[in-house]
Amino acid sequence: MPGFLQVAYYYFFSSQVRRSIVYGDQPRNRLDLYFPKNLDGPKPVVAFVTGGAWIIGYKAWGSLLGQQLAERDIIVACIDYRNFPQGTIGDMVTDASEGISFICNNIAEYGGDPNRIYLMGQSAGAHISACALLDQAIREAKGEESISWSVSQIKAYFGLSGGYNLCKLVDHFNNRGLYRSLFLSIMEGEESLKRFSPGVRIEDPSNRNAVSLLPPVILFHGTADYSIPSFASKDFAAALQRLGAQTELILFDGKTHSDLFLQDPLRGGKDDMFDHLVAVIHAGDEEALAKDAMAPPRRRLVPEVLLRMASYISPF
C-alpha cells in the first residue's frame with residue numbers, strides 16, 4: 001500500500017502523465033502516455049500491454065513501469081483493452097492491435113520517435129501482444145493491403161512472464177484457480193486454443209514467412225514463477241530459434257510472477273531486468289547510454305519487511 005499510494009499520486013496528478021487517450025471506438029479503447037521531463041527531441045517509445053489474467057487487466061497497472069522508464073527518457077504508452085466478460089480473446093487481440101496502430105501512426109505528435117517503437121507485454125498482456133504481433137506478421141506475409149501498421153515499425157518485442165502455448169497451460173491454470181470452463185470461455189472454446197497460441201502457430205509451415213518478418217524477440221521470466229511457469233518462455237524461445245528468428249531468453253533465478261514487474265521495482269536500487277530493457281532501447285544512442293550510466297539508483301518505495309510479508313500473501 002505505501003508504494004501503491006505513491007504511484008497512484010503520480011498517475012493521477014503528475015503533469016508527465018496523459019490519461020485515457022482514445023485510440024478506437026470500442027469500450028476500453030484508451031491508452032495512457034508517460035512522458036520524460038525533458039522532451040527536447042524525439043524519444044523512444046514502449047507500447048505496453050498490461051496483464052491481469054485476461055479478466056482484471058487495466059492500463060493503470062503499467063504506471064510504475066511508465067514512471068520509471070520515463071525517468072530514463074523513454075515514452076511509455078499503456079494500452080487498455082476489453083477484458084472478459086466484456087470481450088473474449090479475439091476482442092483483446094484486436095484492441096491491442098488497434099492501440100499499437102494508433103501509437104505507430106500518431107506518436108510523433110506526442111514527441112515520440114516513430115522509428116524507435118518497442119512492443120512489450122506482461123503476463124496475459126505478453127500473450128495478447130504476441131498474438132497481435134504474429135497476426136500482423138501473418139497478414140503481411142500473405143500480402144494483405146488493408147493494414148494500418150507494420151511489424152517493421154516495431155524495433156523489438158519484450159515478453160515478460162508470458163504464456164505462448166495455451167494448450168500446455170490450460171490444466172496448469174485450472175489447478176491454480178483459473179478454472180478450465182472459465183478459461184475456455186475467455187479463449188473462445190478449446191478449438192481456438194491453437195489459434196491463440198503463438199508458440200503453436202509459428203510451427204505451422206504456412207507461417208514460416210511471417211516468422212521471418214518478426215522483430216527481435218526478448219523474453220524475460222522468473223524460474224520461481226508458479227502462475228505461468230518459465231517453461232512457457234523457454235519453449236517459445238526454443239521454437240523461435242529453431243525457425244531462425246532473432247530471440248533472446250533471460251531467466252531470473254528464484255523470481256516469481258510478480259517479482260520482476262512489481263516487487264523489484266518497488267524495492268528500488270539495481271534491477272537487472274530493468275537495466276537490460278533500457279540497454280536494448282538505448283542501444284546505439286551514446287548520449288542516452290552515458291546518462292544511464294550516471295543515473296542514480298531507483299528510489300525504494302516500500303520497506304523490505306512489507307515486501308516480504310506481501311510475498312506470503314500474494315496469490316501470484
# chains A, B, ... in the order shown; residues from 1 in each chain; ligands from 1
call {"tool": "residues_around", "arguments": {"residues": "A:Tyr81", "least_positions_apart": "5", "cutoff": "12 Å", "atoms": "only C-alpha atoms", "output": "compact mmCIF listing (two decimals) with C-alpha atoms, in the first residue's frame"}}
result
# COMPACT_ATOMS: atom_id res chain seq x y z
CA SER A 20 -7.21 7.92 -21.40
CA VAL A 22 -8.91 7.40 -27.25
CA TYR A 23 -7.46 5.03 -29.86
CA GLY A 24 -10.59 3.20 -31.09
CA ASP A 25 -14.38 3.10 -30.93
CA GLN A 26 -14.83 0.09 -28.62
CA PRO A 27 -15.21 0.19 -24.81
CA ARG A 28 -11.85 0.41 -23.05
CA ASN A 29 -10.11 1.64 -26.22
CA ARG A 30 -7.96 4.07 -24.27
CA LEU A 31 -4.27 4.42 -23.56
CA ASP A 32 -2.11 6.36 -21.10
CA PHE A 48 2.95 -1.75 -23.20
CA VAL A 49 0.08 -4.22 -22.77
CA THR A 50 -0.63 -4.98 -19.12
CA GLY A 51 -1.51 -8.34 -17.59
CA GLY A 52 -4.46 -9.35 -15.45
CA TRP A 54 -7.48 -11.71 -19.23
CA ILE A 55 -10.07 -10.63 -16.61
CA ILE A 56 -8.69 -7.80 -14.46
CA GLY A 57 -6.23 -6.10 -16.83
CA TYR A 58 -6.15 -2.29 -16.74
CA LYS A 59 -3.87 0.30 -18.28
CA ALA A 60 -3.01 1.85 -14.90
CA GLN A 86 -16.83 -7.65 -21.83
CA GLY A 87 -14.83 -9.33 -24.57
CA THR A 88 -13.11 -12.59 -25.39
CA ILE A 89 -9.53 -13.17 -26.50
CA GLY A 90 -10.23 -12.18 -30.11
CA ASP A 91 -11.50 -8.80 -28.93
CA MET A 92 -8.47 -8.33 -26.70
CA VAL A 93 -6.05 -9.02 -29.55
CA THR A 94 -7.99 -6.68 -31.85
CA ASP A 95 -7.91 -3.93 -29.24
CA ALA A 96 -4.17 -4.35 -28.65
CA SER A 97 -3.51 -4.23 -32.40
CA GLU A 98 -5.56 -1.04 -32.75
CA GLY A 99 -3.66 0.50 -29.86
CA ILE A 100 -0.33 -0.40 -31.48
CA ALA A 124 -1.62 -12.09 -20.08
CA GLY A 125 -0.52 -8.89 -21.80
CA ILE A 128 -2.11 -10.77 -26.11
CA SER A 129 0.65 -8.59 -27.58
call {"tool": "residues_around", "arguments": {"residues": "stretch 301-303 of chain A", "least_positions_apart": "3", "cutoff": "6 Å", "atoms": "only C-alpha atoms", "output": "list in words"}}
result
Gly3, Leu266 and Leu306 of chain A
call {"tool": "closest_atom_pairs", "arguments": {"of": "stretch 203-316 of chain A", "to": "stretch 159-167 of chain A", "cutoff": "12 Å", "atoms": "only C-alpha atoms", "output": "tab-separated table"}}
result
residue	atom	partner	partner_atom	distance
A:Glu203	CA	A:Asn165	CA	11.3
A:Pro216	CA	A:Gly159	CA	11.0
A:Val217	CA	A:Gly159	CA	7.6
A:Ile218	CA	A:Gly159	CA	6.3
A:Leu219	CA	A:Gly159	CA	4.7
A:Phe220	CA	A:Leu160	CA	4.8
A:His221	CA	A:Ser161	CA	4.7
A:Gly222	CA	A:Ser161	CA	7.1
A:Thr223	CA	A:Ser161	CA	9.8
A:Ala224	CA	A:Ser161	CA	10.8
A:Asp225	CA	A:Ser161	CA	7.9
A:Tyr226	CA	A:Ser161	CA	10.3
A:Ser227	CA	A:Ser161	CA	8.9
A:Ile228	CA	A:Gly163	CA	6.3
A:Pro229	CA	A:Ser161	CA	8.2
A:Ser230	CA	A:Ser161	CA	7.4
A:Phe231	CA	A:Gly163	CA	8.8
A:Ala232	CA	A:Gly163	CA	5.2
A:Ser233	CA	A:Gly162	CA	6.7
A:Lys234	CA	A:Tyr164	CA	10.0
A:Asp235	CA	A:Asn165	CA	8.5
A:Phe236	CA	A:Tyr164	CA	6.5
A:Ala237	CA	A:Tyr164	CA	9.8
A:Ala238	CA	A:Tyr164	CA	11.9
A:Ala239	CA	A:Tyr164	CA	10.8
A:Leu240	CA	A:Tyr164	CA	11.4
A:Thr247	CA	A:Gly159	CA	10.9
A:Glu248	CA	A:Gly159	CA	10.3
A:Leu249	CA	A:Gly159	CA	9.5
A:Ile250	CA	A:Leu160	CA	9.8
A:Leu251	CA	A:Ser161	CA	9.8
A:Phe252	CA	A:Ser161	CA	10.5
A:Lys255	CA	A:Ser161	CA	10.3
A:Thr256	CA	A:Ser161	CA	9.0
A:His257	CA	A:Ser161	CA	6.4
A:Ser258	CA	A:Ser161	CA	8.7
A:Asp259	CA	A:Ser161	CA	10.1
A:Leu260	CA	A:Leu160	CA	8.2
A:Phe261	CA	A:Leu160	CA	8.2
A:Leu262	CA	A:Leu160	CA	11.8
A:Met273	CA	A:Leu160	CA	9.5
A:Phe274	CA	A:Leu160	CA	11.1
A:Leu277	CA	A:Leu160	CA	10.6
A:Phe316	CA	A:Ser161	CA	11.4
call {"tool": "select_by_dssp", "arguments": {"residues": "stretch 146-293 of chain A", "states": "helix (DSSP H, G or I)", "output": "ChimeraX atom specification"}}
result
/A:151-153,166-168,170-176,180-186,190-192,198-201,205-213,231-242,259-267,272-281,286-293
call {"tool": "closest_residue", "arguments": {"among": "A:Tyr110, A:Trp61, A:Tyr9, A:Phe158", "to": "A:Ile21", "atoms": "only C-alpha atoms"}}
result
A:Tyr110
call {"tool": "closest_residue", "arguments": {"among": "A:Met120, A:Val280, A:Ala47, A:Leu65", "to": "A:Cys104", "atoms": "only C-alpha atoms"}}
result
A:Ala47
call {"tool": "residues_around", "arguments": {"residues": "A:Pro296", "least_positions_apart": "5", "cutoff": "10 Å", "atoms": "only C-alpha atoms", "output": "PDB file with N, CA, C and O atoms, in the first residue's frame"}}
result
ATOM      1  N   GLY A 269      16.789   0.498  -6.190  1.00  0.00           N
ATOM      2  CA  GLY A 269      18.160   0.035  -6.368  1.00  0.00           C
ATOM      3  C   GLY A 269      18.370  -0.630  -7.713  1.00  0.00           C
ATOM      4  O   GLY A 269      17.657  -0.374  -8.676  1.00  0.00           O
ATOM      5  N   LYS A 270      19.344  -1.532  -7.783  1.00  0.00           N
ATOM      6  CA  LYS A 270      19.683  -2.193  -9.046  1.00  0.00           C
ATOM      7  C   LYS A 270      18.627  -3.219  -9.412  1.00  0.00           C
ATOM      8  O   LYS A 270      18.140  -3.956  -8.567  1.00  0.00           O
ATOM      9  N   LYS A 291      23.986   8.803 -20.054  1.00  0.00           N
ATOM     10  CA  LYS A 291      23.067   9.245 -18.998  1.00  0.00           C
ATOM     11  C   LYS A 291      22.638   8.079 -18.116  1.00  0.00           C
ATOM     12  O   LYS A 291      22.527   8.218 -16.899  1.00  0.00           O
TER      13      LYS A 291
END
call {"tool": "atom_distance", "arguments": {"atom1": "atom CA of A:Glu71", "atom2": "atom CA of A:Pro36"}}
result
5.9 Å
call {"tool": "closest_residue", "arguments": {"among": "A:Cys78, A:Val170, A:Leu39, A:Ala126", "to": "A:Gly112", "atoms": "only C-alpha atoms"}}
result
A:Leu39
call {"tool": "select_by_dssp", "arguments": {"residues": "stretch 106-242 of chain A", "states": "strand (DSSP E or B)", "output": "PyMOL selection string"}}
result
chain A and resi 112-122+154-160+217-222
call {"tool": "write_last_selection", "arguments": {"atoms": "N, CA, C and O atoms", "output": "mmCIF file, in the first residue's frame"}}
result
data_model
loop_
_atom_site.group_PDB
_atom_site.id
_atom_site.type_symbol
_atom_site.label_atom_id
_atom_site.label_comp_id
_atom_site.auth_asym_id
_atom_site.auth_seq_id
_atom_site.Cartn_x
_atom_site.Cartn_y
_atom_site.Cartn_z
ATOM 1 N N GLY A 112 7.197 11.354 -29.585
ATOM 2 C CA GLY A 112 7.846 10.059 -29.734
ATOM 3 C C GLY A 112 8.508 9.904 -31.083
ATOM 4 O O GLY A 112 8.153 10.577 -32.057
ATOM 5 N N ASP A 113 9.473 9.004 -31.142
ATOM 6 C CA ASP A 113 10.188 8.710 -32.384
ATOM 7 C C ASP A 113 9.522 7.516 -33.061
ATOM 8 O O ASP A 113 9.604 6.390 -32.559
ATOM 9 N N PRO A 114 8.838 7.722 -34.183
ATOM 10 C CA PRO A 114 8.150 6.606 -34.843
ATOM 11 C C PRO A 114 9.097 5.540 -35.377
ATOM 12 O O PRO A 114 8.649 4.446 -35.728
ATOM 13 N N ASN A 115 10.380 5.827 -35.399
ATOM 14 C CA ASN A 115 11.364 4.846 -35.852
ATOM 15 C C ASN A 115 11.976 4.052 -34.702
ATOM 16 O O ASN A 115 12.833 3.194 -34.917
ATOM 17 N N ARG A 116 11.526 4.354 -33.489
ATOM 18 C CA ARG A 116 12.042 3.631 -32.314
ATOM 19 C C ARG A 116 10.870 3.247 -31.408
ATOM 20 O O ARG A 116 10.734 3.731 -30.294
ATOM 21 N N ILE A 117 10.038 2.354 -31.915
ATOM 22 C CA ILE A 117 8.885 1.865 -31.149
ATOM 23 C C ILE A 117 9.133 0.416 -30.758
ATOM 24 O O ILE A 117 9.480 -0.422 -31.601
ATOM 25 N N TYR A 118 8.959 0.128 -29.496
ATOM 26 C CA TYR A 118 9.150 -1.216 -28.948
ATOM 27 C C TYR A 118 7.819 -1.700 -28.383
ATOM 28 O O TYR A 118 7.052 -0.921 -27.812
ATOM 29 N N LEU A 119 7.538 -2.983 -28.541
ATOM 30 C CA LEU A 119 6.311 -3.577 -28.029
ATOM 31 C C LEU A 119 6.647 -4.459 -26.841
ATOM 32 O O LEU A 119 7.586 -5.253 -26.899
ATOM 33 N N MET A 120 5.857 -4.313 -25.764
ATOM 34 C CA MET A 120 6.111 -5.091 -24.555
ATOM 35 C C MET A 120 4.791 -5.519 -23.937
ATOM 36 O O MET A 120 3.796 -4.796 -23.986
ATOM 37 N N GLY A 121 4.774 -6.714 -23.364
ATOM 38 C CA GLY A 121 3.604 -7.190 -22.633
ATOM 39 C C GLY A 121 4.043 -7.973 -21.416
ATOM 40 O O GLY A 121 5.136 -8.542 -21.387
ATOM 41 N N GLN A 122 3.164 -7.982 -20.397
ATOM 42 C CA GLN A 122 3.463 -8.706 -19.169
ATOM 43 C C GLN A 122 2.342 -9.685 -18.868
ATOM 44 O O GLN A 122 1.162 -9.343 -18.946
ATOM 45 N N ILE A 154 8.174 -2.062 -35.488
ATOM 46 C CA ILE A 154 8.493 -2.485 -34.118
ATOM 47 C C ILE A 154 9.962 -2.898 -34.063
ATOM 48 O O ILE A 154 10.378 -3.844 -34.731
ATOM 49 N N LYS A 155 10.738 -2.179 -33.249
ATOM 50 C CA LYS A 155 12.185 -2.448 -33.178
ATOM 51 C C LYS A 155 12.494 -3.759 -32.462
ATOM 52 O O LYS A 155 13.456 -4.452 -32.804
ATOM 53 N N ALA A 156 11.696 -4.094 -31.445
ATOM 54 C CA ALA A 156 11.888 -5.341 -30.702
ATOM 55 C C ALA A 156 10.625 -5.619 -29.905
ATOM 56 O O ALA A 156 9.836 -4.706 -29.614
ATOM 57 N N TYR A 157 10.446 -6.890 -29.559
ATOM 58 C CA TYR A 157 9.329 -7.314 -28.716
ATOM 59 C C TYR A 157 9.887 -7.836 -27.400
ATOM 60 O O TYR A 157 10.785 -8.676 -27.382
ATOM 61 N N PHE A 158 9.343 -7.337 -26.287
ATOM 62 C CA PHE A 158 9.720 -7.802 -24.957
ATOM 63 C C PHE A 158 8.539 -8.548 -24.342
ATOM 64 O O PHE A 158 7.459 -7.966 -24.168
ATOM 65 N N GLY A 159 8.724 -9.821 -24.023
ATOM 66 C CA GLY A 159 7.690 -10.602 -23.359
ATOM 67 C C GLY A 159 8.104 -10.887 -21.927
ATOM 68 O O GLY A 159 9.141 -11.513 -21.694
ATOM 69 N N LEU A 160 7.317 -10.415 -20.965
ATOM 70 C CA LEU A 160 7.646 -10.566 -19.551
ATOM 71 C C LEU A 160 6.667 -11.538 -18.888
ATOM 72 O O LEU A 160 5.464 -11.263 -18.805
ATOM 73 N N VAL A 217 13.060 -10.771 -30.618
ATOM 74 C CA VAL A 217 12.184 -11.140 -29.505
ATOM 75 C C VAL A 217 13.046 -11.383 -28.271
ATOM 76 O O VAL A 217 13.987 -12.187 -28.306
ATOM 77 N N ILE A 218 12.729 -10.677 -27.181
ATOM 78 C CA ILE A 218 13.448 -10.842 -25.916
ATOM 79 C C ILE A 218 12.436 -11.268 -24.864
ATOM 80 O O ILE A 218 11.457 -10.549 -24.614
ATOM 81 N N LEU A 219 12.663 -12.424 -24.261
ATOM 82 C CA LEU A 219 11.722 -12.986 -23.288
ATOM 83 C C LEU A 219 12.356 -13.003 -21.900
ATOM 84 O O LEU A 219 13.478 -13.497 -21.726
ATOM 85 N N PHE A 220 11.641 -12.460 -20.914
ATOM 86 C CA PHE A 220 12.070 -12.449 -19.520
ATOM 87 C C PHE A 220 11.142 -13.360 -18.715
ATOM 88 O O PHE A 220 9.917 -13.321 -18.896
ATOM 89 N N HIS A 221 11.713 -14.128 -17.786
ATOM 90 C CA HIS A 221 10.868 -14.994 -16.955
ATOM 91 C C HIS A 221 11.613 -15.362 -15.674
ATOM 92 O O HIS A 221 12.834 -15.569 -15.688
ATOM 93 N N GLY A 222 10.880 -15.439 -14.576
ATOM 94 C CA GLY A 222 11.449 -15.895 -13.320
ATOM 95 C C GLY A 222 11.318 -17.403 -13.189
ATOM 96 O O GLY A 222 10.295 -17.982 -13.548
#
call {"tool": "closest_residue", "arguments": {"among": "A:Leu133, A:Ala293, A:Gln16, A:Gln263", "to": "A:Val305", "atoms": "only C-alpha atoms"}}
result
A:Gln263
call {"tool": "closest_residue", "arguments": {"among": "A:Lys194, A:Tyr312, A:Ala141, A:Leu307", "to": "A:Met1", "atoms": "only C-alpha atoms"}}
result
A:Leu307
call {"tool": "residues_around", "arguments": {"residues": "A:Ser63", "least_positions_apart": "4", "cutoff": "10 Å", "atoms": "only C-alpha atoms", "output": "ChimeraX atom specification"}}
result
/A:4,7-8,10-11,17,32-34,50,59,67-69,76-78
call {"tool": "write_last_selection", "arguments": {"atoms": "N, CA, C and O atoms", "output": "PDB file, in the first residue's frame"}}
result
ATOM      1  N   PHE A   4       1.900   1.676  -3.590  1.00  0.00           N
ATOM      2  CA  PHE A   4       0.772   1.930  -4.480  1.00  0.00           C
ATOM      3  C   PHE A   4       0.272   3.365  -4.343  1.00  0.00           C
ATOM      4  O   PHE A   4      -0.096   4.003  -5.328  1.00  0.00           O
ATOM      5  N   VAL A   7       2.594   5.685  -6.281  1.00  0.00           N
ATOM      6  CA  VAL A   7       2.429   5.534  -7.722  1.00  0.00           C
ATOM      7  C   VAL A   7       1.075   6.102  -8.161  1.00  0.00           C
ATOM      8  O   VAL A   7       0.966   6.742  -9.206  1.00  0.00           O
ATOM      9  N   ALA A   8       0.042   5.893  -7.348  1.00  0.00           N
ATOM     10  CA  ALA A   8      -1.282   6.421  -7.674  1.00  0.00           C
ATOM     11  C   ALA A   8      -1.265   7.946  -7.700  1.00  0.00           C
ATOM     12  O   ALA A   8      -1.897   8.570  -8.570  1.00  0.00           O
ATOM     13  N   TYR A  10       1.263   9.844  -8.445  1.00  0.00           N
ATOM     14  CA  TYR A  10       1.934  10.193  -9.701  1.00  0.00           C
ATOM     15  C   TYR A  10       0.979  10.019 -10.882  1.00  0.00           C
ATOM     16  O   TYR A  10       0.881  10.887 -11.758  1.00  0.00           O
ATOM     17  N   TYR A  11       0.254   8.916 -10.894  1.00  0.00           N
ATOM     18  CA  TYR A  11      -0.638   8.607 -12.019  1.00  0.00           C
ATOM     19  C   TYR A  11      -1.730   9.659 -12.181  1.00  0.00           C
ATOM     20  O   TYR A  11      -2.028  10.090 -13.298  1.00  0.00           O
ATOM     21  N   VAL A  17       1.951  12.609 -17.064  1.00  0.00           N
ATOM     22  CA  VAL A  17       1.044  11.535 -17.446  1.00  0.00           C
ATOM     23  C   VAL A  17      -0.169  12.122 -18.151  1.00  0.00           C
ATOM     24  O   VAL A  17      -0.813  13.044 -17.646  1.00  0.00           O
ATOM     25  N   ASP A  32      -2.782   5.328 -21.898  1.00  0.00           N
ATOM     26  CA  ASP A  32      -2.111   6.358 -21.104  1.00  0.00           C
ATOM     27  C   ASP A  32      -0.708   6.576 -21.647  1.00  0.00           C
ATOM     28  O   ASP A  32      -0.031   5.615 -22.051  1.00  0.00           O
ATOM     29  N   LEU A  33      -0.259   7.829 -21.627  1.00  0.00           N
ATOM     30  CA  LEU A  33       1.096   8.150 -22.051  1.00  0.00           C
ATOM     31  C   LEU A  33       1.891   8.700 -20.868  1.00  0.00           C
ATOM     32  O   LEU A  33       1.395   9.553 -20.124  1.00  0.00           O
ATOM     33  N   TYR A  34       3.121   8.212 -20.723  1.00  0.00           N
ATOM     34  CA  TYR A  34       4.044   8.671 -19.690  1.00  0.00           C
ATOM     35  C   TYR A  34       5.217   9.352 -20.384  1.00  0.00           C
ATOM     36  O   TYR A  34       5.871   8.753 -21.245  1.00  0.00           O
ATOM     37  N   THR A  50      -0.692  -4.482 -20.487  1.00  0.00           N
ATOM     38  CA  THR A  50      -0.631  -4.984 -19.123  1.00  0.00           C
ATOM     39  C   THR A  50      -1.247  -6.380 -19.002  1.00  0.00           C
ATOM     40  O   THR A  50      -2.020  -6.814 -19.854  1.00  0.00           O
ATOM     41  N   LYS A  59      -5.021  -0.474 -17.826  1.00  0.00           N
ATOM     42  CA  LYS A  59      -3.870   0.299 -18.278  1.00  0.00           C
ATOM     43  C   LYS A  59      -3.059   0.903 -17.123  1.00  0.00           C
ATOM     44  O   LYS A  59      -1.838   1.045 -17.222  1.00  0.00           O
ATOM     45  N   GLN A  67       6.415   5.244 -15.128  1.00  0.00           N
ATOM     46  CA  GLN A  67       7.139   6.262 -14.384  1.00  0.00           C
ATOM     47  C   GLN A  67       8.648   6.027 -14.450  1.00  0.00           C
ATOM     48  O   GLN A  67       9.430   6.955 -14.690  1.00  0.00           O
ATOM     49  N   GLN A  68       9.060   4.774 -14.251  1.00  0.00           N
ATOM     50  CA  GLN A  68      10.495   4.507 -14.166  1.00  0.00           C
ATOM     51  C   GLN A  68      11.177   4.551 -15.529  1.00  0.00           C
ATOM     52  O   GLN A  68      12.328   4.971 -15.625  1.00  0.00           O
ATOM     53  N   LEU A  69      10.481   4.148 -16.603  1.00  0.00           N
ATOM     54  CA  LEU A  69      11.079   4.291 -17.930  1.00  0.00           C
ATOM     55  C   LEU A  69      11.104   5.753 -18.368  1.00  0.00           C
ATOM     56  O   LEU A  69      12.039   6.188 -19.048  1.00  0.00           O
ATOM     57  N   VAL A  76       6.276   5.962 -22.589  1.00  0.00           N
ATOM     58  CA  VAL A  76       5.569   4.687 -22.433  1.00  0.00           C
ATOM     59  C   VAL A  76       4.087   4.901 -22.734  1.00  0.00           C
ATOM     60  O   VAL A  76       3.472   5.841 -22.216  1.00  0.00           O
ATOM     61  N   ALA A  77       3.534   4.038 -23.573  1.00  0.00           N
ATOM     62  CA  ALA A  77       2.103   4.058 -23.890  1.00  0.00           C
ATOM     63  C   ALA A  77       1.486   2.777 -23.359  1.00  0.00           C
ATOM     64  O   ALA A  77       1.787   1.689 -23.853  1.00  0.00           O
ATOM     65  N   CYS A  78       0.644   2.878 -22.329  1.00  0.00           N
ATOM     66  CA  CYS A  78      -0.013   1.712 -21.738  1.00  0.00           C
ATOM     67  C   CYS A  78      -1.395   1.547 -22.375  1.00  0.00           C
ATOM     68  O   CYS A  78      -2.268   2.404 -22.204  1.00  0.00           O
TER      69      CYS A  78
END
call {"tool": "closest_residue", "arguments": {"among": "A:Met309, A:Val151, A:Ala295, A:Ile107", "to": "A:Val211", "atoms": "only C-alpha atoms"}}
result
A:Val151
call {"tool": "atom_distance", "arguments": {"atom1": "atom CA of A:Gln136", "atom2": "atom CA of A:Ile74"}}
result
24.7 Å
call {"tool": "atom_distance", "arguments": {"atom1": "atom CA of A:Pro85", "atom2": "atom CA of A:Arg180"}}
result
15.2 Å
